[in-house]
Amino acid sequence: MDAVAESLTLSPTELNELRRAKWVLENPSFAIRLANVIGLPIETGFAMLPKGWSHIVHRSVHLALNKTLRVAMKSLRNHAPLPSSDSLHRVIVGTSGAVGGAFGLASLPFELPLSTAVMLRSIADIARSEGYALNDVETHLACLAVFALGSRRTKERESENQYWIIRAGLARAVSEATTYLTNRGIVCETAPVMIRLVAAIAARFGVIVSEHVAAKAIPLVGAATGSAFNLVFINHFQRMARGHFVVKRLEKQYGVDTIESVYRSIAMPMSKKEISRFTAQSIWLQLPMPDLTPDRLAAYSQLHPADLADALERFDDPKEAIQIIRHISDDLAAASFAELDTEVIQELSPLLTEEELAGLLERLPHSETTDIVGELPLERQQEVLDELPLHVASPVRTLLQYPENTAGGIMSDQYTALNASGTIADALNQLRQDQRAAKEISYLYVTDDQSRLVGVASFRDLVLSPQNEPIRNITKPDVMRLKVTDDQEEIARQFEHYHFLGLPVVDESDRLIGVVEANEAIQIAQEEATEDMQLMVGVSGEERALTPWHRAIGKRLPWLYVNLLTAFAAAAVVSLYESTIAQWTVLAVFLPIVAGQGGNAGMQTLTVIIRDLALGEINPGDGRRAILKEIYLGLVNGVAIGLVVGLVGFLWKGSAVLGLIVGIAMILNQLTAVLAGVMIPLTLKWLRIDPALASSIFLTTLTDIGGFFFFLWLATYALQR
């Protein structure tokens, strides 16, 4: 079969993938070509390096390749394909290169294995994203072989199929190593087959390393060039890995001979327009995924909705996430869409049509549908609701009327309500037939003919009581209930305090309209705790690690300006005592100690108080007791720490007066810190402001100002005497 006929066996998408893979594999990036020129490749310049460098380089290369394979593989979990973390690995390698470069050539035996391990981990991460199992021997060796794609020898540069020339050169060593590892099941670096494989790869990888050596030859200067060269190299190997594992994946499906034949038949783009297009498609080292391959689609389809949501959130391009949503089953797509973070839903929703979005939402519980619709712009909300079936749209419209932070906003309308005038037999029949019943019934609520909540019945009484017994006779009337307007934080506290599985929600007429379940209360508690923790340091309570930087900056920067203003206030206090510091310069040594210890003590108090306020464990009138407790703690801690710091000051600088001043200032600042740690959140609470709102910024301001003032004022007083 000729190459043209064989190419017809590949789908258009797969043929396009293979063409892009060839472009990447046969066209090293401009950066790596520039590095080849600047770094003096071994073929032309390695002989010019000083004596002894060659030995260090070769030894470091063998050590790096021998020791890092198992380390890199063990640091990754073997799970279903997820987008690879290319950026994270680039940051780590760039930092490693900068640190190693700062110390010159002497750092090579230590920095090279670390950088190599991270690069190999990145290669393995890319392999996993292409569907390869990391516990497979062939995957291990395929990852290691990518390092051999790092350099081109003179004759190879003249060919359009350099990739296959290099693979042919490694074929025997890879085959022997695969057989050995398959039989032994362990990696032994001293085995002859492994030595031959590593030597074959090291011969090529050493060319790349030798180029790096020149960049690190001069300390300090090498810090910048070392980082830059590391970034160039990991970018290059990530490109090679993506192309390599696309080829390997297609080989697994169609056979090596078929893919090699089609690969060789693909003409490289020659026009400027084609080259520009292919270069743009390869930017940031990502091979675009215009369509899903069957293997990748099957892997995503097997994930739990929560795991699939995690995978969708990691895509840099939201269009790729939308593509997966459109190709998996509707039920899985809907369930995973509901698991996405709010910001991701807001980013993906505009890419779906109203019909597609409605098709997902109608498969979800009404409460989850309401949460997602509530995040859409008002005009889009109406359009999506119009596409939903009436039996879904009607209850969703009702739930949308309630504020999102109230019982009405978080309740579910799926519950079981028994009529008090019925019998046990009626109730059992209702439970068998009620399609609106919750999937996991926690309680059986009993209502009258006007749907007013009467009480709650237990399953035990329902099963053991006579069939003709009225429901009212087994109903417990004393049932705690939530008003539809109750705040969600208070609701979460009730669940935490009483350990309910669910609580009924009633309107102003005491009619049962919904149920808040325990899992919803747990989620609220987690969200509130996260929000409080972030607000303490001036970060938006909704920010996450993957929140786009341009969204996060608008929330962070204003509080940093506030912090800058308070820092100037503390600096102003120091400026008042410039003459004192000029006369007694050793004071500058102890200034950060006094202020820093006060800040630490204040944060301890602040954390405890905000936690108790959030959980409702501080009642009106408890503030006085909290203040007295913290005063006692501040005195004890202040004396204990003040004695130590004062003694250190005396022994270090030989001045008893200095030790006394430092000790007294420490006691006073400890008292200031604990009082501020109590008063700041309590005052914000009294003003009906979230106590966590940048409390730490105000606290550190007070402890810095207090510490500087007490210490420098006492020192000024001592000098005047």
# chains A, B, ... in the order shown; residues from 1 in each chain; ligands from 1
>>> residues_around(residues="Tyr632 (chain A)", least_positions_apart="3", cutoff="12 Å", atoms="only C-alpha atoms", output="list in words")
Arg625, Ala626, Ile627, Leu628, Lys629, Leu635, Val636, Asn637, Gly638, Val639, Ile667, Gln670, Leu671, Val674 and Leu675 of chain A
>>> select_by_dssp(residues="region 298-493 of chain A", states="strand (DSSP E)", output="PDB file with C-alpha atoms, in the first residue's frame")
ATOM      1  CA  ALA A 417     -44.227  16.141  52.258  1.00  0.00           C
ATOM      2  CA  LEU A 418     -46.946  13.888  53.717  1.00  0.00           C
ATOM      3  CA  ASN A 419     -50.476  15.113  54.313  1.00  0.00           C
ATOM      4  CA  LEU A 444     -40.462  13.032  56.147  1.00  0.00           C
ATOM      5  CA  TYR A 445     -42.162  16.385  56.615  1.00  0.00           C
ATOM      6  CA  VAL A 446     -45.866  16.537  57.424  1.00  0.00           C
ATOM      7  CA  THR A 447     -48.097  19.378  56.218  1.00  0.00           C
ATOM      8  CA  LEU A 453     -45.606  22.653  58.120  1.00  0.00           C
ATOM      9  CA  VAL A 454     -47.082  20.546  60.926  1.00  0.00           C
ATOM     10  CA  GLY A 455     -44.099  18.458  61.969  1.00  0.00           C
ATOM     11  CA  VAL A 456     -41.830  15.580  61.009  1.00  0.00           C
ATOM     12  CA  ALA A 457     -42.350  11.797  60.950  1.00  0.00           C
ATOM     13  CA  LEU A 482     -35.842  28.065  58.515  1.00  0.00           C
ATOM     14  CA  LYS A 483     -37.467  31.226  57.254  1.00  0.00           C
TER      15      LYS A 483
END
>>> closest_residue(among="A:Thr672, A:Ser509, A:Ser329, A:Ser227", to="Phe710 (chain A)", atoms="only C-alpha atoms")
A:Thr672
>>> residues_around(residues="Asn468 (chain A)", least_positions_apart="3", cutoff="7 Å", atoms="only C-alpha atoms", output="list of chain:residue names")
A:Thr423, A:Ile424, A:Ala425
>>> atom_distance(atom1="CA of Arg363 (chain A)", atom2="CA of Ser451 (chain A)")
27.3 Å
>>> atom_distance(atom1="CA of Arg296 (chain A)", atom2="CA of Leu361 (chain A)")
25.1 Å
